[in-house]
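Everything below concerns the one structure shown next.
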Amino acid sequence: MSKNRFVLLLIIGASICIRFNYLTHDSYLPNDINLLQTRWPDEATYFRHVQYILSHGIIQYFTNDICLGLLPGNPVYLSFLYRLLNGSIYGIRLINILISGATIFFVYKIGERVFDVRVGSIAALLCAVYNGLIVLSPTILTEPIFFFWFVMGLYILLCALDETSQKRWRIYSLSAGVFLAFGGLTRPILSAFAVVMALLCLLRDAGNALLREKYTIYYSPQIILACTVATCIVISVPIKNYICFDQFRFFSKYNSGVSLWLGSRPDTEGDEPPLRGLSYGDHELVAQGKDLTQLAIENIKMHFLSYLYWDMKKIGRLTVGSNLAWFSPHKTFRQWHRANNAGMWESAKLIMDISISVTVAFYGILGGIILRRNRKAMLLFATAVYMILATIPFLVNQRYGYPIFLINSVMAPAVMFHLHEHRSEHRLMNLSCCFMVIALIVYILAGA
């Protein structure tokens with residue numbers, strides 16, 4: 001066994017052990033169906049759909065309006081595992097931990113393919129020890145399986161871009177489209193991803209053709225094919241909903257409007273209401289016959305400039321995280337430390353997580369600027385930018401930004417190695433390090 005493979009296996013093995021230890025000792029995740037509401041309320045929501053699938057069958061589920069509440073990816077996946085494991089919630093949590101290990105493997109492979117083994121190893125290590133990913137890995141939320149589909153689809157698409165054989169890149173692109181579609185059927189953030197990427201690709205190559213005064217447009221067939229396949233699969237959901245319920249949409253009208261309304265609330269600045277000491281309040285408004293989409297549009301019109309400012313702040317919540325989330329229910333590390341009487345180890349873990357988050361976000365964004373000549377790196381950066389722009393109009397919390405963290409965990413070490421190896425850019429490296437240290441101190445002590 002080569003040294004690189006040994007290091008990879010060590011990182012993945014350690015990540016699985018860390019997550020298993022969290023599940024058994026620190027998570028307090030219930031394994032009783034009736035108690036799912038106590039830790040992550042969304043787990044209970046997903047499991048109601050699972051129970052409907054198991055009791056009525058998959059066909060009746062898709063033809064009943066209950067399916068308008070969620071995208072089908074996670075309920076179908078969970079119902080398959082629940083039946084396979086004879087109704088063991090604990091077994092599903094263990095499978096999701098293994099899925100998280102596979103996600104780290106593909107993060108490593110992305111870093112290795114786009115840059116080199118060093119970048120892949122550091123990216124995998126960052127994902128292995130980052131507490132946000134550890135906490136979500138044993139849950140039955142969408143994140144564990146969505147992260148897997150997402151990074152696997154991206155990796156296979158990168159393989160297609162490297163392939164010279166037309167037959168092979170077509171197979172890679174078809175496979176990438178399928179896996180990205182699975183991601184799009186699990187989390188709405190990827191639903192429009194294929195269409196946007198295909199349009200960007202065509203516009204870019206059309207611009208290049210015009211600048212070179214060519215009459216033929218050279219486009220990236222690998223990306224176009226993958227995006228076409230993904231779009232055809234994902235679009236089947238609103239088509240089915242139109243046939244069954246006369247609604248050409250992924251969700252019900254309520255589910256389509258609630259996220260936009262919560263993202264435009266002036267009293268929360270589009271943040272999670274509980275972090276601001278407030279209730280969600282959406283059910284009360286619906287009970288009064290209010291249209292949440294219309295209320296959201298009115299909020300945006302009345303507070304348009306403020307709404308744009310909140311959206312800028314949401315970028316920070318997605319890429320770095322919010323102090324209200326890190327130190328909840330307090331605003332600064334000092335307040336959190338005093339109120340919780342936190343010991344050295346707990347404080348060190350929290351500071352390490354914040355340090356990783358701030359560093360990865362900063363250098364990930366910097367990588368999109370400095371590594372712009374690397375075609376595959378630009379695909380990763382464009383994906384991260386898309387996820388930010390597609391999320392900020394709506395309700396934003398810290399875990400919605402973890403797919404961006406997966407990408408930035410590759411970009412950050414890559415740009416750091418680049419700055420270190422190019423003497424002409426050593427000054428930029430030193431300045432960026434100084435900025436990082438100052439920003440981190442201010443973030444932790446003063447609050448951001």
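Chain lettering (A, B, ...) mirrors the order of the structure tokens, residue numbering begins at 1 for each chain separately, and ligand numbering begins at 1 in order of display.
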
Given only C-alpha atoms, how would the per-residue table for range 278-350 of chain A near range 262-267 of chain A read, listing every residue at most 12 Å away with its closest atom pair and distance in Å to one decimal, sorted by chain and number, as JSON lines?
{"residue": "A:Leu278", "atom": "CA", "partner": "A:Asp267", "partner_atom": "CA", "distance": 8.8}
{"residue": "A:Ser279", "atom": "CA", "partner": "A:Leu262", "partner_atom": "CA", "distance": 10.7}
{"residue": "A:Tyr280", "atom": "CA", "partner": "A:Leu262", "partner_atom": "CA", "distance": 7.7}
{"residue": "A:Gly281", "atom": "CA", "partner": "A:Leu262", "partner_atom": "CA", "distance": 9.2}
{"residue": "A:Asp282", "atom": "CA", "partner": "A:Leu262", "partner_atom": "CA", "distance": 8.2}
{"residue": "A:His283", "atom": "CA", "partner": "A:Leu262", "partner_atom": "CA", "distance": 11.9}
{"residue": "A:Leu285", "atom": "CA", "partner": "A:Leu262", "partner_atom": "CA", "distance": 11.9}
{"residue": "A:Leu292", "atom": "CA", "partner": "A:Leu262", "partner_atom": "CA", "distance": 9.0}
{"residue": "A:Thr293", "atom": "CA", "partner": "A:Leu262", "partner_atom": "CA", "distance": 10.0}
{"residue": "A:Gln294", "atom": "CA", "partner": "A:Ser264", "partner_atom": "CA", "distance": 11.3}
{"residue": "A:Leu295", "atom": "CA", "partner": "A:Ser264", "partner_atom": "CA", "distance": 9.0}
{"residue": "A:Ala296", "atom": "CA", "partner": "A:Ser264", "partner_atom": "CA", "distance": 5.9}
{"residue": "A:Ile297", "atom": "CA", "partner": "A:Ser264", "partner_atom": "CA", "distance": 8.3}
{"residue": "A:Glu298", "atom": "CA", "partner": "A:Ser264", "partner_atom": "CA", "distance": 9.2}
{"residue": "A:Asn299", "atom": "CA", "partner": "A:Ser264", "partner_atom": "CA", "distance": 6.0}
{"residue": "A:Ile300", "atom": "CA", "partner": "A:Ser264", "partner_atom": "CA", "distance": 6.3}
{"residue": "A:Lys301", "atom": "CA", "partner": "A:Ser264", "partner_atom": "CA", "distance": 9.9}
{"residue": "A:Met302", "atom": "CA", "partner": "A:Pro266", "partner_atom": "CA", "distance": 9.8}
{"residue": "A:His303", "atom": "CA", "partner": "A:Pro266", "partner_atom": "CA", "distance": 7.7}
{"residue": "A:Phe304", "atom": "CA", "partner": "A:Ser264", "partner_atom": "CA", "distance": 9.5}
{"residue": "A:Leu305", "atom": "CA", "partner": "A:Pro266", "partner_atom": "CA", "distance": 11.4}
{"residue": "A:Ser306", "atom": "CA", "partner": "A:Pro266", "partner_atom": "CA", "distance": 8.2}
{"residue": "A:Tyr307", "atom": "CA", "partner": "A:Ser264", "partner_atom": "CA", "distance": 6.6}
{"residue": "A:Leu308", "atom": "CA", "partner": "A:Ser264", "partner_atom": "CA", "distance": 9.8}
{"residue": "A:Tyr309", "atom": "CA", "partner": "A:Ser264", "partner_atom": "CA", "distance": 11.1}
{"residue": "A:Trp310", "atom": "CA", "partner": "A:Ser264", "partner_atom": "CA", "distance": 8.4}
{"residue": "A:Asp311", "atom": "CA", "partner": "A:Gly263", "partner_atom": "CA", "distance": 8.8}
{"residue": "A:Lys313", "atom": "CA", "partner": "A:Gly263", "partner_atom": "CA", "distance": 11.7}
{"residue": "A:Lys314", "atom": "CA", "partner": "A:Gly263", "partner_atom": "CA", "distance": 9.5}

Store the residues of this selection in a file with N, CA and C atoms, as an mmCIF file, in the first residue's frame.
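Now in result-v9.cif:
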data_model
loop_
_atom_site.group_PDB
_atom_site.id
_atom_site.type_symbol
_atom_site.label_atom_id
_atom_site.label_comp_id
_atom_site.auth_asym_id
_atom_site.auth_seq_id
_atom_site.Cartn_x
_atom_site.Cartn_y
_atom_site.Cartn_z
ATOM 1 N N LEU A 278 -37.011 34.601 18.780
ATOM 2 C CA LEU A 278 -38.350 34.763 18.214
ATOM 3 C C LEU A 278 -38.875 33.418 17.716
ATOM 4 N N SER A 279 -40.175 33.353 17.480
ATOM 5 C CA SER A 279 -40.787 32.142 16.936
ATOM 6 C C SER A 279 -40.872 32.260 15.413
ATOM 7 N N TYR A 280 -41.073 31.124 14.751
ATOM 8 C CA TYR A 280 -41.174 31.154 13.288
ATOM 9 C C TYR A 280 -42.436 31.890 12.845
ATOM 10 N N GLY A 281 -43.573 31.555 13.409
ATOM 11 C CA GLY A 281 -44.801 32.307 13.148
ATOM 12 C C GLY A 281 -45.463 32.034 11.821
ATOM 13 N N ASP A 282 -44.928 31.119 11.017
ATOM 14 C CA ASP A 282 -45.500 30.873 9.690
ATOM 15 C C ASP A 282 -46.849 30.156 9.770
ATOM 16 N N HIS A 283 -46.977 29.203 10.691
ATOM 17 C CA HIS A 283 -48.240 28.462 10.796
ATOM 18 C C HIS A 283 -49.388 29.380 11.215
ATOM 19 N N LEU A 285 -49.722 32.549 10.519
ATOM 20 C CA LEU A 285 -50.117 33.369 9.373
ATOM 21 C C LEU A 285 -50.916 32.569 8.356
ATOM 22 N N LEU A 292 -47.895 33.572 2.152
ATOM 23 C CA LEU A 292 -46.532 33.877 2.594
ATOM 24 C C LEU A 292 -45.673 34.432 1.462
ATOM 25 N N THR A 293 -45.901 33.956 0.260
ATOM 26 C CA THR A 293 -45.135 34.483 -0.875
ATOM 27 C C THR A 293 -45.433 35.959 -1.086
ATOM 28 N N GLN A 294 -46.702 36.322 -1.009
ATOM 29 C CA GLN A 294 -47.088 37.720 -1.173
ATOM 30 C C GLN A 294 -46.544 38.580 -0.034
ATOM 31 N N LEU A 295 -46.580 38.043 1.193
ATOM 32 C CA LEU A 295 -46.015 38.774 2.332
ATOM 33 C C LEU A 295 -44.517 38.985 2.155
ATOM 34 N N ALA A 296 -43.829 37.978 1.618
ATOM 35 C CA ALA A 296 -42.392 38.100 1.387
ATOM 36 C C ALA A 296 -42.092 39.188 0.361
ATOM 37 N N ILE A 297 -42.879 39.217 -0.714
ATOM 38 C CA ILE A 297 -42.684 40.244 -1.756
ATOM 39 C C ILE A 297 -42.918 41.632 -1.171
ATOM 40 N N GLU A 298 -43.924 41.761 -0.322
ATOM 41 C CA GLU A 298 -44.197 43.058 0.316
ATOM 42 C C GLU A 298 -43.045 43.465 1.237
ATOM 43 N N ASN A 299 -42.495 42.498 1.982
ATOM 44 C CA ASN A 299 -41.341 42.795 2.840
ATOM 45 C C ASN A 299 -40.152 43.294 2.025
ATOM 46 N N ILE A 300 -39.904 42.647 0.903
ATOM 47 C CA ILE A 300 -38.763 43.020 0.066
ATOM 48 C C ILE A 300 -38.962 44.414 -0.522
ATOM 49 N N LYS A 301 -40.177 44.701 -0.969
ATOM 50 C CA LYS A 301 -40.458 46.025 -1.539
ATOM 51 C C LYS A 301 -40.323 47.127 -0.486
ATOM 52 N N MET A 302 -40.834 46.869 0.712
ATOM 53 C CA MET A 302 -40.815 47.886 1.765
ATOM 54 C C MET A 302 -39.418 48.112 2.343
ATOM 55 N N HIS A 303 -38.591 47.071 2.341
ATOM 56 C CA HIS A 303 -37.258 47.165 2.951
ATOM 57 C C HIS A 303 -36.196 46.730 1.937
ATOM 58 N N PHE A 304 -36.291 47.254 0.712
ATOM 59 C CA PHE A 304 -35.458 46.725 -0.364
ATOM 60 C C PHE A 304 -33.964 46.888 -0.074
ATOM 61 N N LEU A 305 -33.537 48.089 0.291
ATOM 62 C CA LEU A 305 -32.112 48.317 0.553
ATOM 63 C C LEU A 305 -31.653 47.512 1.773
ATOM 64 N N SER A 306 -32.486 47.451 2.786
ATOM 65 C CA SER A 306 -32.158 46.648 3.965
ATOM 66 C C SER A 306 -32.078 45.170 3.593
ATOM 67 N N TYR A 307 -32.997 44.733 2.728
ATOM 68 C CA TYR A 307 -32.999 43.334 2.288
ATOM 69 C C TYR A 307 -31.698 42.987 1.566
ATOM 70 N N LEU A 308 -31.205 43.912 0.726
ATOM 71 C CA LEU A 308 -29.920 43.689 0.054
ATOM 72 C C LEU A 308 -28.779 43.608 1.068
ATOM 73 N N TYR A 309 -28.838 44.434 2.093
ATOM 74 C CA TYR A 309 -27.823 44.402 3.152
ATOM 75 C C TYR A 309 -27.880 43.080 3.915
ATOM 76 N N TRP A 310 -29.110 42.609 4.209
ATOM 77 C CA TRP A 310 -29.230 41.314 4.894
ATOM 78 C C TRP A 310 -28.656 40.199 4.030
ATOM 79 N N ASP A 311 -28.871 40.296 2.710
ATOM 80 C CA ASP A 311 -28.347 39.269 1.821
ATOM 81 C C ASP A 311 -26.817 39.240 1.841
ATOM 82 N N LYS A 313 -25.038 39.993 4.447
ATOM 83 C CA LYS A 313 -24.702 39.346 5.719
ATOM 84 C C LYS A 313 -24.917 37.835 5.638
ATOM 85 N N LYS A 314 -25.895 37.418 4.830
ATOM 86 C CA LYS A 314 -26.150 35.987 4.681
ATOM 87 C C LYS A 314 -24.962 35.264 4.042
#

Review point. Contacts of range 345-350 of chain A at 12 Å or less, counting only C-alpha atoms, minus same-chain residues fewer than 2 places along, as a list in words?
Key: Val129, Tyr130, Asn131, Gly132, Asn323, Ala325, Trp326, Phe327, Thr332, Phe333, Arg334, Gln335, Trp336, His337, Arg338, Asn340, Asn341, Ala342, Gly343, Met352, Asp353, Ile354, Ser355, Ile356, Ser357 and Ile444 of chain A

With C-alpha atoms retained, export the selected residues as a compact mmCIF listing (two decimals), in the first residue's frame.
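Wrote it out as again_39.txt, contents follow:
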# COMPACT_ATOMS: atom_id res chain seq x y z
CA VAL A 129 -12.49 17.21 11.95
CA TYR A 130 -14.95 20.03 11.22
CA ASN A 131 -17.60 19.86 13.92
CA GLY A 132 -20.47 21.08 11.74
CA ASN A 323 -21.89 34.26 16.09
CA ALA A 325 -25.14 30.19 15.87
CA TRP A 326 -21.61 29.57 17.19
CA PHE A 327 -22.29 30.99 20.66
CA THR A 332 -19.58 36.47 21.70
CA PHE A 333 -17.17 33.79 22.77
CA ARG A 334 -16.53 35.55 26.06
CA GLN A 335 -20.23 35.54 26.96
CA TRP A 336 -20.59 31.90 25.92
CA HIS A 337 -17.51 30.84 27.92
CA ARG A 338 -18.69 32.54 31.11
CA ASN A 340 -21.45 27.76 30.18
CA ASN A 341 -18.43 27.61 32.48
CA ALA A 342 -16.70 25.91 29.56
CA GLY A 343 -13.52 24.02 30.23
CA MET A 352 -10.69 25.33 16.32
CA ASP A 353 -14.03 25.06 14.47
CA ILE A 354 -14.29 28.82 14.08
CA SER A 355 -10.66 29.03 12.94
CA ILE A 356 -11.23 26.32 10.32
CA SER A 357 -14.43 27.99 9.13
CA ILE A 444 -14.13 35.50 18.41

Each range 321-414 of chain A residue no farther than 12 Å from range 193-197 of chain A, nearest pair in Å, only C-alpha atoms, as JSON lines:
{"residue": "A:Met378", "atom": "CA", "partner": "A:Met197", "partner_atom": "CA", "distance": 11.7}
{"residue": "A:Leu379", "atom": "CA", "partner": "A:Met197", "partner_atom": "CA", "distance": 9.0}
{"residue": "A:Leu380", "atom": "CA", "partner": "A:Met197", "partner_atom": "CA", "distance": 11.2}
{"residue": "A:Phe381", "atom": "CA", "partner": "A:Met197", "partner_atom": "CA", "distance": 11.7}
{"residue": "A:Ala382", "atom": "CA", "partner": "A:Met197", "partner_atom": "CA", "distance": 8.2}
{"residue": "A:Thr383", "atom": "CA", "partner": "A:Met197", "partner_atom": "CA", "distance": 8.1}
{"residue": "A:Ala384", "atom": "CA", "partner": "A:Phe193", "partner_atom": "CA", "distance": 10.7}
{"residue": "A:Val385", "atom": "CA", "partner": "A:Phe193", "partner_atom": "CA", "distance": 11.0}
{"residue": "A:Tyr386", "atom": "CA", "partner": "A:Phe193", "partner_atom": "CA", "distance": 7.5}
{"residue": "A:Met387", "atom": "CA", "partner": "A:Phe193", "partner_atom": "CA", "distance": 8.3}
{"residue": "A:Ile388", "atom": "CA", "partner": "A:Phe193", "partner_atom": "CA", "distance": 11.6}
{"residue": "A:Leu389", "atom": "CA", "partner": "A:Phe193", "partner_atom": "CA", "distance": 11.1}
{"residue": "A:Ala390", "atom": "CA", "partner": "A:Phe193", "partner_atom": "CA", "distance": 8.9}
{"residue": "A:Thr391", "atom": "CA", "partner": "A:Phe193", "partner_atom": "CA", "distance": 11.7}

Neighbours of range 243-256 of chain A within 10 Å (only C-alpha atoms; same-chain residues fewer than 4 positions away dropped), as a PDB file with C-alpha atoms, in the first residue's frame?
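So part.pdb came out as:
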ATOM      1  CA  PHE A  62     -46.246  10.284  -5.228  1.00  0.00           C
ATOM      2  CA  THR A  63     -49.919  10.662  -6.129  1.00  0.00           C
ATOM      3  CA  ASN A  64     -50.951  12.018  -2.702  1.00  0.00           C
ATOM      4  CA  ASP A  65     -50.492  15.704  -1.889  1.00  0.00           C
ATOM      5  CA  ILE A  66     -48.310  14.805   1.118  1.00  0.00           C
ATOM      6  CA  CYS A  67     -45.405  14.551  -1.342  1.00  0.00           C
ATOM      7  CA  LEU A  68     -45.695  18.296  -2.010  1.00  0.00           C
ATOM      8  CA  GLY A  69     -44.209  18.948   1.413  1.00  0.00           C
ATOM      9  CA  LEU A  70     -40.705  17.690   0.589  1.00  0.00           C
ATOM     10  CA  LEU A  71     -38.492  16.722  -2.293  1.00  0.00           C
ATOM     11  CA  PRO A  72     -38.617  12.928  -2.653  1.00  0.00           C
ATOM     12  CA  LEU A 185     -34.082  15.633  -5.796  1.00  0.00           C
ATOM     13  CA  PRO A 188     -33.739  22.270  -3.664  1.00  0.00           C
ATOM     14  CA  SER A 191     -32.667  21.900  -8.576  1.00  0.00           C
ATOM     15  CA  VAL A 234     -35.135  16.821 -11.840  1.00  0.00           C
ATOM     16  CA  ILE A 235     -37.842  18.424 -13.995  1.00  0.00           C
ATOM     17  CA  SER A 236     -39.842  15.198 -13.741  1.00  0.00           C
ATOM     18  CA  VAL A 237     -40.983  16.229 -10.232  1.00  0.00           C
ATOM     19  CA  PRO A 238     -42.842  19.450 -11.180  1.00  0.00           C
ATOM     20  CA  ILE A 239     -44.196  17.706 -14.297  1.00  0.00           C
ATOM     21  CA  LEU A 260     -38.672  33.368   1.140  1.00  0.00           C
ATOM     22  CA  TRP A 261     -40.859  34.962   3.821  1.00  0.00           C
ATOM     23  CA  ASP A 282     -45.500  30.873   9.690  1.00  0.00           C
ATOM     24  CA  HIS A 283     -48.240  28.462  10.796  1.00  0.00           C
ATOM     25  CA  VAL A 286     -51.248  30.462   7.195  1.00  0.00           C
ATOM     26  CA  LYS A 290     -52.196  34.791   4.598  1.00  0.00           C
ATOM     27  CA  ASP A 291     -50.160  34.151   1.436  1.00  0.00           C
ATOM     28  CA  LEU A 292     -46.532  33.877   2.594  1.00  0.00           C
ATOM     29  CA  THR A 293     -45.135  34.483  -0.875  1.00  0.00           C
TER      30      THR A 293
END

In range 206-300 of chain A, what's helix (DSSP H, G or I) per DSSP? Answer as a short mmCIF file (atom, residue, chain, number, x, y, z; two decimals) with N, CA and C atoms, in the first residue's frame?
data_model
loop_
_atom_site.label_atom_id
_atom_site.label_comp_id
_atom_site.auth_asym_id
_atom_site.auth_seq_id
_atom_site.Cartn_x
_atom_site.Cartn_y
_atom_site.Cartn_z
N ALA A 206 -19.65 31.25 -26.07
CA ALA A 206 -20.12 32.15 -27.12
C ALA A 206 -19.32 33.45 -27.11
N GLY A 207 -19.03 33.95 -25.90
CA GLY A 207 -18.21 35.16 -25.78
C GLY A 207 -16.81 34.94 -26.29
N ASN A 208 -16.22 33.79 -25.98
CA ASN A 208 -14.88 33.48 -26.48
C ASN A 208 -14.87 33.40 -27.99
N ALA A 209 -15.92 32.80 -28.55
CA ALA A 209 -15.98 32.69 -30.01
C ALA A 209 -16.09 34.06 -30.67
N LEU A 210 -16.88 34.96 -30.09
CA LEU A 210 -17.02 36.30 -30.66
C LEU A 210 -15.72 37.10 -30.55
N LEU A 211 -15.05 36.96 -29.41
CA LEU A 211 -13.80 37.69 -29.22
C LEU A 211 -12.73 37.22 -30.19
N PRO A 221 -18.83 20.16 -24.11
CA PRO A 221 -19.89 19.15 -24.27
C PRO A 221 -20.07 18.29 -23.03
N GLN A 222 -18.98 18.10 -22.26
CA GLN A 222 -19.11 17.27 -21.04
C GLN A 222 -20.08 17.90 -20.05
N ILE A 223 -19.92 19.21 -19.83
CA ILE A 223 -20.79 19.90 -18.88
C ILE A 223 -22.21 19.99 -19.41
N ILE A 224 -22.35 20.30 -20.68
CA ILE A 224 -23.68 20.42 -21.28
C ILE A 224 -24.45 19.11 -21.18
N LEU A 225 -23.77 17.99 -21.48
CA LEU A 225 -24.44 16.69 -21.43
C LEU A 225 -24.86 16.35 -20.00
N ALA A 226 -23.96 16.55 -19.03
CA ALA A 226 -24.28 16.25 -17.64
C ALA A 226 -25.44 17.11 -17.16
N CYS A 227 -25.43 18.39 -17.51
CA CYS A 227 -26.49 19.30 -17.08
C CYS A 227 -27.82 18.95 -17.73
N THR A 228 -27.78 18.52 -18.98
CA THR A 228 -29.02 18.13 -19.67
C THR A 228 -29.65 16.91 -19.01
N VAL A 229 -28.82 15.91 -18.70
CA VAL A 229 -29.32 14.71 -18.03
C VAL A 229 -29.92 15.06 -16.67
N ALA A 230 -29.19 15.87 -15.89
CA ALA A 230 -29.67 16.25 -14.56
C ALA A 230 -30.99 17.01 -14.64
N THR A 231 -31.10 17.94 -15.59
CA THR A 231 -32.32 18.73 -15.75
C THR A 231 -33.51 17.86 -16.12
N CYS A 232 -33.29 16.92 -17.03
CA CYS A 232 -34.38 16.04 -17.46
C CYS A 232 -34.92 15.19 -16.31
N ILE A 233 -34.03 14.77 -15.41
CA ILE A 233 -34.47 13.96 -14.27
C ILE A 233 -35.18 14.83 -13.23
N VAL A 234 -34.57 15.97 -12.89
CA VAL A 234 -35.14 16.82 -11.84
C VAL A 234 -36.48 17.41 -12.25
N SER A 236 -38.75 16.17 -13.80
CA SER A 236 -39.84 15.20 -13.74
C SER A 236 -40.73 15.43 -12.53
N VAL A 237 -40.18 16.00 -11.45
CA VAL A 237 -40.98 16.23 -10.23
C VAL A 237 -42.07 17.28 -10.46
N PRO A 238 -41.74 18.50 -10.93
CA PRO A 238 -42.84 19.45 -11.18
C PRO A 238 -43.79 18.99 -12.28
N ILE A 239 -43.29 18.23 -13.26
CA ILE A 239 -44.20 17.71 -14.30
C ILE A 239 -45.20 16.73 -13.67
N LYS A 240 -44.69 15.85 -12.81
CA LYS A 240 -45.58 14.91 -12.11
C LYS A 240 -46.60 15.65 -11.25
N ASN A 241 -46.13 16.70 -10.54
CA ASN A 241 -47.03 17.47 -9.69
C ASN A 241 -48.09 18.21 -10.51
N TYR A 242 -47.72 18.62 -11.72
CA TYR A 242 -48.69 19.28 -12.59
C TYR A 242 -49.76 18.29 -13.06
N ILE A 243 -49.32 17.08 -13.39
CA ILE A 243 -50.27 16.05 -13.84
C ILE A 243 -51.21 15.63 -12.71
N CYS A 244 -50.65 15.45 -11.52
CA CYS A 244 -51.43 14.93 -10.39
C CYS A 244 -52.21 16.01 -9.65
N PHE A 245 -51.62 17.19 -9.52
CA PHE A 245 -52.22 18.22 -8.65
C PHE A 245 -52.43 19.55 -9.35
N LYS A 253 -47.71 25.39 -2.30
CA LYS A 253 -47.62 26.85 -2.26
C LYS A 253 -47.06 27.33 -0.92
N TYR A 254 -47.46 26.64 0.17
CA TYR A 254 -46.96 27.02 1.50
C TYR A 254 -45.45 26.81 1.58
N ASN A 255 -44.98 25.64 1.19
CA ASN A 255 -43.55 25.35 1.29
C ASN A 255 -42.71 26.23 0.38
N SER A 256 -43.28 26.63 -0.75
CA SER A 256 -42.55 27.50 -1.67
C SER A 256 -42.39 28.91 -1.10
N GLY A 257 -43.36 29.36 -0.29
CA GLY A 257 -43.32 30.73 0.19
C GLY A 257 -42.69 30.93 1.55
N VAL A 258 -42.68 29.87 2.39
CA VAL A 258 -42.25 30.05 3.77
C VAL A 258 -40.78 30.43 3.86
N SER A 259 -39.93 29.82 3.04
CA SER A 259 -38.50 30.10 3.11
C SER A 259 -38.19 31.53 2.66
N LEU A 260 -38.88 32.00 1.61
CA LEU A 260 -38.67 33.37 1.14
C LEU A 260 -39.18 34.36 2.17
N TRP A 261 -40.32 34.06 2.80
CA TRP A 261 -40.86 34.96 3.82
C TRP A 261 -39.92 35.04 5.03
N LEU A 262 -39.45 33.89 5.49
CA LEU A 262 -38.51 33.90 6.62
C LEU A 262 -37.21 34.62 6.25
N GLY A 263 -36.81 34.52 5.01
CA GLY A 263 -35.59 35.19 4.57
C GLY A 263 -35.74 36.69 4.38
N PRO A 273 -35.30 32.48 13.24
CA PRO A 273 -35.94 33.24 14.33
C PRO A 273 -35.53 32.80 15.73
N PRO A 274 -35.40 31.49 16.03
CA PRO A 274 -35.01 31.10 17.40
C PRO A 274 -33.67 31.68 17.84
N LEU A 275 -32.75 31.90 16.89
CA LEU A 275 -31.46 32.49 17.24
C LEU A 275 -31.62 33.94 17.69
N ARG A 276 -32.72 34.56 17.30
CA ARG A 276 -33.01 35.95 17.71
C ARG A 276 -34.02 35.99 18.85
N ASP A 282 -44.93 31.12 11.02
CA ASP A 282 -45.50 30.87 9.69
C ASP A 282 -46.85 30.16 9.77
N HIS A 283 -46.98 29.20 10.69
CA HIS A 283 -48.24 28.46 10.80
C HIS A 283 -49.39 29.38 11.21
N GLU A 284 -49.11 30.32 12.10
CA GLU A 284 -50.14 31.25 12.53
C GLU A 284 -50.65 32.10 11.37
N LEU A 285 -49.72 32.55 10.52
CA LEU A 285 -50.12 33.37 9.37
C LEU A 285 -50.92 32.57 8.36
N VAL A 286 -50.51 31.32 8.13
CA VAL A 286 -51.25 30.46 7.19
C VAL A 286 -52.65 30.19 7.73
N ALA A 287 -52.75 29.98 9.06
CA ALA A 287 -54.06 29.75 9.67
C ALA A 287 -54.99 30.96 9.49
N LEU A 292 -47.89 33.57 2.15
CA LEU A 292 -46.53 33.88 2.59
C LEU A 292 -45.67 34.43 1.46
N THR A 293 -45.90 33.96 0.26
CA THR A 293 -45.13 34.48 -0.88
C THR A 293 -45.43 35.96 -1.09
N GLN A 294 -46.70 36.32 -1.01
CA GLN A 294 -47.09 37.72 -1.17
C GLN A 294 -46.54 38.58 -0.03
N LEU A 295 -46.58 38.04 1.19
CA LEU A 295 -46.02 38.77 2.33
C LEU A 295 -44.52 38.99 2.16
N ALA A 296 -43.83 37.98 1.62
CA ALA A 296 -42.39 38.10 1.39
C ALA A 296 -42.09 39.19 0.36
N ILE A 297 -42.88 39.22 -0.71
CA ILE A 297 -42.68 40.24 -1.76
C ILE A 297 -42.92 41.63 -1.17
N GLU A 298 -43.92 41.76 -0.32
CA GLU A 298 -44.20 43.06 0.32
C GLU A 298 -43.04 43.47 1.24
N ASN A 299 -42.50 42.50 1.98
CA ASN A 299 -41.34 42.79 2.84
C ASN A 299 -40.15 43.29 2.03
N ILE A 300 -39.90 42.65 0.90
CA ILE A 300 -38.76 43.02 0.07
C ILE A 300 -38.96 44.41 -0.52
#

Check your understanding: Out of A:Leu158, A:Leu126, A:Leu81, A:Leu54, which residue has the shortest atom-to-atom distance to Ile11 in chain A when counting only C-alpha atoms?
Key ->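 Of A:Leu158, A:Leu126, A:Leu81, A:Leu54, the one nearest Ile11 in chain A is A:Leu126, counting only C-alpha atoms.
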
Exercise for review: Find the residues around range 150-156 of chain A up to 7 Å (only C-alpha atoms counted), leave out those fewer than 6 positions away in its own chain, and share them as a PyMOL selection string.
Suggested key: chain A and resi 103+106-107+110+172+176-177+179-180+183

Using N, CA and C atoms, can you write the selected residues to a file as a short mmCIF file (atom, residue, chain, number, x, y, z; two decimals), in the first residue's frame?
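Listing of out.cif after writing:
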data_model
loop_
_atom_site.label_atom_id
_atom_site.label_comp_id
_atom_site.auth_asym_id
_atom_site.auth_seq_id
_atom_site.Cartn_x
_atom_site.Cartn_y
_atom_site.Cartn_z
N THR A 103 -18.23 10.54 1.54
CA THR A 103 -18.19 11.93 1.09
C THR A 103 -16.79 12.50 1.22
N PHE A 106 -14.54 11.33 -1.57
CA PHE A 106 -14.70 12.04 -2.84
C PHE A 106 -14.19 13.48 -2.76
N VAL A 107 -14.24 14.10 -1.57
CA VAL A 107 -13.60 15.41 -1.42
C VAL A 107 -12.10 15.27 -1.67
N ILE A 110 -11.51 14.86 -5.40
CA ILE A 110 -11.65 16.13 -6.11
C ILE A 110 -10.38 16.96 -5.96
N TYR A 172 -19.02 9.22 -18.39
CA TYR A 172 -18.78 10.01 -17.19
C TYR A 172 -19.82 11.12 -17.04
N ALA A 176 -22.44 11.61 -14.10
CA ALA A 176 -22.43 12.85 -13.29
C ALA A 176 -23.80 13.50 -13.27
N GLY A 177 -24.47 13.52 -14.42
CA GLY A 177 -25.80 14.10 -14.48
C GLY A 177 -26.79 13.37 -13.59
N PHE A 179 -26.09 11.58 -10.81
CA PHE A 179 -25.81 11.81 -9.39
C PHE A 179 -26.13 13.24 -8.96
N LEU A 180 -25.87 14.21 -9.84
CA LEU A 180 -26.25 15.58 -9.52
C LEU A 180 -27.78 15.72 -9.46
N GLY A 183 -28.92 14.59 -6.17
CA GLY A 183 -28.73 15.69 -5.23
C GLY A 183 -29.83 16.72 -5.36
#
